[in-house]
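Listing of entry.txt; format and content: compact mmCIF, C-alpha atoms.
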```txt
# COMPACT_ATOMS: atom_id res chain seq x y z
CA MET A 1 5.37 -1.66 -14.53
CA ARG A 2 3.94 -4.17 -16.95
CA GLU A 3 0.91 -3.15 -18.99
CA TYR A 4 -2.12 -5.32 -18.22
CA SER A 5 -4.84 -6.20 -20.71
CA GLU A 6 -8.47 -5.26 -20.16
CA LYS A 7 -9.30 -8.90 -19.26
CA GLU A 8 -6.48 -9.05 -16.71
CA LEU A 9 -7.84 -5.89 -15.08
CA VAL A 10 -11.29 -7.51 -14.94
CA ILE A 11 -9.72 -10.50 -13.18
CA PHE A 12 -8.01 -8.16 -10.70
CA GLY A 13 -11.39 -6.55 -10.10
CA GLY A 14 -12.72 -9.98 -9.14
CA VAL A 15 -9.91 -10.42 -6.63
CA LEU A 16 -10.66 -7.02 -5.11
CA LYS A 17 -14.39 -7.78 -4.94
CA LEU A 18 -13.63 -10.92 -2.98
CA ALA A 19 -11.29 -8.99 -0.69
CA GLN A 20 -13.99 -6.39 -0.12
CA THR A 21 -16.40 -9.06 1.07
CA GLY A 22 -13.79 -10.28 3.54
CA ALA A 23 -13.10 -13.57 1.77
CA PRO A 24 -9.68 -14.87 2.85
CA LEU A 25 -7.77 -14.87 -0.42
CA SER A 26 -5.58 -17.71 0.81
CA GLU A 27 -8.67 -19.95 0.73
CA ILE A 28 -10.40 -18.87 -2.49
CA THR A 29 -10.32 -20.68 -5.79
CA ALA A 30 -9.84 -19.63 -9.39
CA ARG A 31 -13.54 -20.41 -9.85
CA ARG A 32 -14.51 -17.83 -7.19
CA ILE A 33 -12.22 -15.25 -8.77
CA ALA A 34 -13.77 -15.93 -12.18
CA ASP A 35 -17.31 -15.69 -10.78
CA ALA A 36 -16.52 -12.42 -8.99
CA ALA A 37 -14.98 -11.06 -12.21
CA GLY A 38 -17.96 -12.20 -14.30
CA ILE A 39 -15.88 -14.36 -16.63
CA GLY A 40 -15.38 -18.06 -17.25
CA LYS A 41 -12.77 -19.99 -15.29
CA ALA A 42 -11.01 -21.03 -18.50
CA THR A 43 -10.47 -17.36 -19.37
CA ILE A 44 -8.38 -16.93 -16.22
CA TYR A 45 -5.99 -19.60 -17.42
CA ASP A 46 -5.57 -17.80 -20.74
CA TYR A 47 -3.77 -15.08 -18.74
CA PHE A 48 -2.44 -16.71 -15.57
CA SER A 49 -1.09 -20.14 -14.69
CA SER A 50 -2.39 -20.25 -11.10
CA LYS A 51 -4.49 -18.54 -8.48
CA GLU A 52 -1.30 -17.44 -6.76
CA GLU A 53 -0.05 -15.76 -9.92
CA ILE A 54 -3.35 -13.88 -10.14
CA LEU A 55 -3.00 -12.73 -6.52
CA VAL A 56 0.57 -11.58 -7.02
CA HIS A 57 -0.24 -9.55 -10.13
CA ALA A 58 -3.45 -8.15 -8.62
CA LEU A 59 -1.52 -6.98 -5.56
CA VAL A 60 1.33 -5.48 -7.54
CA TYR A 61 -1.12 -3.71 -9.84
CA THR A 62 -3.11 -2.39 -6.87
CA MET A 63 0.05 -1.23 -5.10
CA GLN A 64 1.20 0.60 -8.21
CA GLN A 65 -2.18 2.30 -8.64
CA GLN A 66 -2.16 3.43 -5.01
CA ILE A 67 1.41 4.72 -5.22
CA ASP A 68 0.65 6.64 -8.41
CA ALA A 69 -2.47 8.21 -6.87
CA THR A 70 -0.60 9.14 -3.70
CA ARG A 71 2.27 10.72 -5.64
CA ALA A 72 -0.12 12.75 -7.80
CA ARG A 73 -1.90 14.11 -4.74
CA LEU A 74 1.35 14.79 -2.86
CA ASP A 75 2.61 16.86 -5.79
CA LYS A 76 -0.34 19.21 -5.34
CA ILE A 77 0.17 19.73 -1.59
CA ASP A 78 2.34 22.55 -0.30
CA GLY A 79 4.58 22.30 2.72
CA PHE A 80 6.12 19.40 4.58
CA LYS A 81 3.38 19.38 7.22
CA GLY A 82 0.67 19.22 4.57
CA LYS A 83 2.40 16.35 2.80
CA ILE A 84 3.02 14.37 5.99
CA MET A 85 -0.52 14.94 7.26
CA PHE A 86 -1.83 13.72 3.89
CA ILE A 87 0.29 10.55 4.21
CA TYR A 88 -0.97 9.95 7.76
CA ASN A 89 -4.60 10.41 6.73
CA ASP A 90 -4.11 8.28 3.62
CA ILE A 91 -2.74 5.43 5.75
CA ILE A 92 -5.74 5.66 8.08
CA ASP A 93 -8.15 5.74 5.12
CA LYS A 94 -6.55 2.64 3.64
CA MET A 95 -6.64 0.82 6.97
CA GLU A 96 -10.36 1.57 7.27
CA ASN A 97 -11.19 0.63 3.66
CA SER A 98 -11.95 -3.07 3.24
CA MET A 99 -10.93 -2.88 -0.43
CA SER A 100 -7.51 -1.40 0.28
CA LEU A 101 -4.20 -3.10 -0.25
CA PHE A 102 -3.88 -3.55 3.53
CA SER A 103 -7.11 -5.55 3.60
CA VAL A 104 -6.10 -7.61 0.59
CA LEU A 105 -2.74 -8.48 2.16
CA ALA A 106 -4.35 -9.28 5.52
CA SER A 107 -6.79 -11.65 3.83
CA MET A 108 -3.90 -13.59 2.28
CA GLY A 109 -2.68 -14.83 5.65
CA THR A 110 0.48 -14.39 7.67
CA PRO A 111 3.49 -12.40 6.43
CA ASP A 112 5.33 -15.71 5.92
CA LYS A 113 2.47 -17.00 3.73
CA ILE A 114 2.46 -13.77 1.69
CA HIS A 115 6.24 -13.93 1.22
CA THR A 116 5.98 -17.57 0.14
CA ILE A 117 3.33 -16.73 -2.47
CA PHE A 118 5.53 -14.01 -3.98
CA ARG A 119 8.76 -16.05 -3.76
CA GLU A 120 7.29 -19.25 -5.21
CA ASN A 121 5.88 -17.34 -8.14
CA GLY A 122 9.18 -15.58 -8.85
CA HIS A 123 7.74 -12.12 -8.30
CA CYS A 124 9.84 -10.80 -5.42
CA ARG A 125 11.46 -8.33 -7.84
CA MET A 126 8.09 -6.73 -8.60
CA VAL A 127 7.46 -6.16 -4.89
CA THR A 128 11.00 -4.85 -4.41
CA ASP A 129 10.36 -2.30 -7.16
CA ILE A 130 7.19 -1.16 -5.37
CA VAL A 131 9.07 -0.82 -2.07
CA HIS A 132 11.72 1.30 -3.81
CA GLN A 133 9.01 3.57 -5.21
CA ILE A 134 7.57 4.05 -1.71
CA GLU A 135 11.04 4.84 -0.36
CA PHE A 136 11.64 7.29 -3.20
CA THR A 137 8.33 9.04 -2.49
CA LEU A 138 9.05 9.35 1.24
CA LYS A 139 12.56 10.63 0.57
CA ALA A 140 11.13 13.26 -1.80
CA VAL A 141 8.79 14.44 0.98
CA ILE A 142 11.73 14.55 3.40
CA ASN A 143 13.83 16.54 0.92
CA HIS A 144 10.94 18.95 0.50
CA GLY A 145 10.94 19.43 4.28
CA ARG A 146 14.68 20.11 4.25
CA ASN A 147 14.40 22.53 1.32
CA THR A 148 11.66 24.53 3.05
CA GLY A 149 13.49 24.52 6.39
CA GLU A 150 10.79 22.46 8.10
CA ILE A 151 13.37 19.72 8.80
CA THR A 152 16.81 20.69 10.04
CA CYS A 153 18.24 17.23 10.78
CA MET A 154 20.78 16.36 8.10
CA ASP A 155 21.31 12.69 9.02
CA ARG A 156 19.49 11.02 6.14
CA ASP A 157 19.20 7.52 7.64
CA TYR A 158 17.96 8.81 10.99
CA THR A 159 15.44 11.10 9.26
CA TYR A 160 14.09 8.32 7.05
CA MET A 161 13.81 5.92 9.99
CA THR A 162 12.01 8.56 12.06
CA VAL A 163 9.52 9.35 9.29
CA THR A 164 8.75 5.67 8.66
CA ALA A 165 8.42 4.97 12.41
CA ALA A 166 5.90 7.80 12.70
CA ILE A 167 3.92 6.41 9.74
CA PHE A 168 3.83 2.92 11.26
CA SER A 169 2.77 4.41 14.60
CA VAL A 170 -0.13 6.17 12.89
CA GLY A 171 -1.21 2.89 11.30
CA ARG A 172 -0.98 0.98 14.58
CA LEU A 173 -2.88 3.60 16.56
CA ALA A 174 -5.54 3.84 13.86
CA THR A 175 -6.24 0.10 14.10
CA GLU A 176 -6.68 0.38 17.87
CA LYS A 177 -9.41 3.03 17.34
CA LYS A 178 -8.82 4.50 20.79
CA LEU A 179 -7.97 8.02 19.64
CA PRO A 180 -9.58 10.28 17.06
CA ARG A 181 -7.78 10.53 13.73
CA GLU A 182 -6.95 14.22 14.24
CA ILE A 183 -5.17 13.55 17.54
CA ILE A 184 -3.23 10.60 16.10
CA CYS A 185 -2.04 12.70 13.16
CA GLU A 186 -1.17 15.80 15.19
CA ASN A 187 0.68 13.78 17.83
CA ALA A 188 2.65 11.93 15.16
CA TYR A 189 3.55 15.20 13.43
CA THR A 190 4.61 16.81 16.74
CA MET A 191 6.76 13.78 17.59
CA LEU A 192 8.27 13.86 14.12
CA THR A 193 9.18 17.57 14.12
CA LYS A 194 10.68 17.34 17.62
CA ALA A 195 12.82 14.40 16.53
CA LEU A 196 13.97 16.06 13.30
CA ASN A 197 14.69 19.60 14.51
```

Please re-express this file's structure in structure tokens.
Amino acid sequence: MREYSEKELVIFGGVLKLAQTGAPLSEITARRIADAAGIGKATIYDYFSSKEEILVHALVYTMQQQIDATRARLDKIDGFKGKIMFIYNDIIDKMENSMSLFSVLASMGTPDKIHTIFRENGHCRMVTDIVHQIEFTLKAVINHGRNTGEITCMDRDYTYMTVTAAIFSVGRLATEKKLPREIICENAYTMLTKALN
């Protein structure tokens, strides 16, 4: 990942402040980003050529920070169940946190709009790299489950698809807010272990 300057990080902080207040990022201006960051508008253009470029880099930076934090915490957790339950709870926490990546992405508009912003700014590769890191992290958790005997299914594609489906189910159920977090996580884990053993 690219190293960002202190000023660029301040600009990203402005983007996240706006996201936290619920401002739709697809409708904000460079002026609002600068104001939220506590810097002059001209300073933004010393580092970025457009509002969209700021959004892309702020999102990529935020994604990388969240992946790094998740990996560090996963490394300290023993057992497949502990790791999976951490992932489930982390997803729910991020869905509930207005400053999370999920909230930032949602404020940018539809998936097509988000894709257009990344594609038009030539930054699809950065997002692809982030997706690969997420896949790598999930596959490491799966391998841990195999190594400890908590997963017996040896079909790698099926296992990966099952784990990701369970994670998406947790996210969907969490947004509905019909079930307590503990039940969502336990049910997803039960479904997962039945499917993989």

>> I'd like to know which of A:Arg2, A:Lys76, A:Lys81, A:Arg71 is closest to Leu192 of chain A, using only C-alpha atoms.
In response: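 Checking each candidate against Leu192 of chain A, we get A:Lys81 as the closest.
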
> A:Cys153, A:Ala195, A:Ala165, A:Ile33: which is nearest Tyr88 of chain A, counting all atoms listed in the file?
Replying inline: A:Ala165

> atom CA of Ile183 of chain A and atom CA of Gly82 of chain A, how far apart in Å?
Replying inline: 15.3 Å

> Which one of A:Leu196, A:Leu173, A:Met63, A:Val127 sits closest to Gly149 of chain A if you count all atoms listed in the file?
Replying inline: A:Leu196

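Shortest separation to Gln66 of chain A among A:Asp90, A:Asp129, A:Glu8, A:Glu135 occurs at residue A:Asp90, atoms counted being only C-alpha atoms.
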
Take segment 57-92 of chain A from the preceding structure and save C-alpha atoms as a PDB file, in the first residue's frame.
```pdb
ATOM      1  CA  HIS A  57      -7.827   7.023  -1.630  1.00  0.00           C
ATOM      2  CA  ALA A  58      -9.718   7.601   1.626  1.00  0.00           C
ATOM      3  CA  LEU A  59     -11.660   4.376   1.088  1.00  0.00           C
ATOM      4  CA  VAL A  60      -8.618   2.334   0.146  1.00  0.00           C
ATOM      5  CA  TYR A  61      -6.702   3.691   3.131  1.00  0.00           C
ATOM      6  CA  THR A  62      -9.626   2.951   5.466  1.00  0.00           C
ATOM      7  CA  MET A  63     -10.041  -0.560   4.058  1.00  0.00           C
ATOM      8  CA  GLN A  64      -6.351  -1.263   4.542  1.00  0.00           C
ATOM      9  CA  GLN A  65      -6.424   0.009   8.127  1.00  0.00           C
ATOM     10  CA  GLN A  66      -9.438  -2.170   8.916  1.00  0.00           C
ATOM     11  CA  ILE A  67      -7.885  -5.251   7.313  1.00  0.00           C
ATOM     12  CA  ASP A  68      -4.629  -4.739   9.206  1.00  0.00           C
ATOM     13  CA  ALA A  69      -6.480  -4.340  12.518  1.00  0.00           C
ATOM     14  CA  THR A  70      -8.609  -7.417  11.858  1.00  0.00           C
ATOM     15  CA  ARG A  71      -5.582  -9.533  10.953  1.00  0.00           C
ATOM     16  CA  ALA A  72      -3.704  -8.440  14.074  1.00  0.00           C
ATOM     17  CA  ARG A  73      -6.640  -9.376  16.294  1.00  0.00           C
ATOM     18  CA  LEU A  74      -7.259 -12.673  14.478  1.00  0.00           C
ATOM     19  CA  ASP A  75      -3.634 -13.678  15.051  1.00  0.00           C
ATOM     20  CA  LYS A  76      -4.222 -13.470  18.804  1.00  0.00           C
ATOM     21  CA  ILE A  77      -7.373 -15.615  18.814  1.00  0.00           C
ATOM     22  CA  ASP A  78      -7.165 -19.371  19.276  1.00  0.00           C
ATOM     23  CA  GLY A  79      -9.383 -21.859  17.512  1.00  0.00           C
ATOM     24  CA  PHE A  80     -11.465 -21.710  14.371  1.00  0.00           C
ATOM     25  CA  LYS A  81     -14.664 -20.962  16.288  1.00  0.00           C
ATOM     26  CA  GLY A  82     -13.033 -18.049  18.097  1.00  0.00           C
ATOM     27  CA  LYS A  83     -11.721 -16.612  14.835  1.00  0.00           C
ATOM     28  CA  ILE A  84     -15.036 -16.995  12.993  1.00  0.00           C
ATOM     29  CA  MET A  85     -17.033 -15.562  15.896  1.00  0.00           C
ATOM     30  CA  PHE A  86     -14.647 -12.585  15.962  1.00  0.00           C
ATOM     31  CA  ILE A  87     -15.233 -12.038  12.218  1.00  0.00           C
ATOM     32  CA  TYR A  88     -19.010 -12.234  12.687  1.00  0.00           C
ATOM     33  CA  ASN A  89     -18.964  -9.761  15.573  1.00  0.00           C
ATOM     34  CA  ASP A  90     -16.553  -7.472  13.719  1.00  0.00           C
ATOM     35  CA  ILE A  91     -18.927  -7.359  10.735  1.00  0.00           C
ATOM     36  CA  ILE A  92     -21.847  -6.481  13.012  1.00  0.00           C
TER      37      ILE A  92
END
```
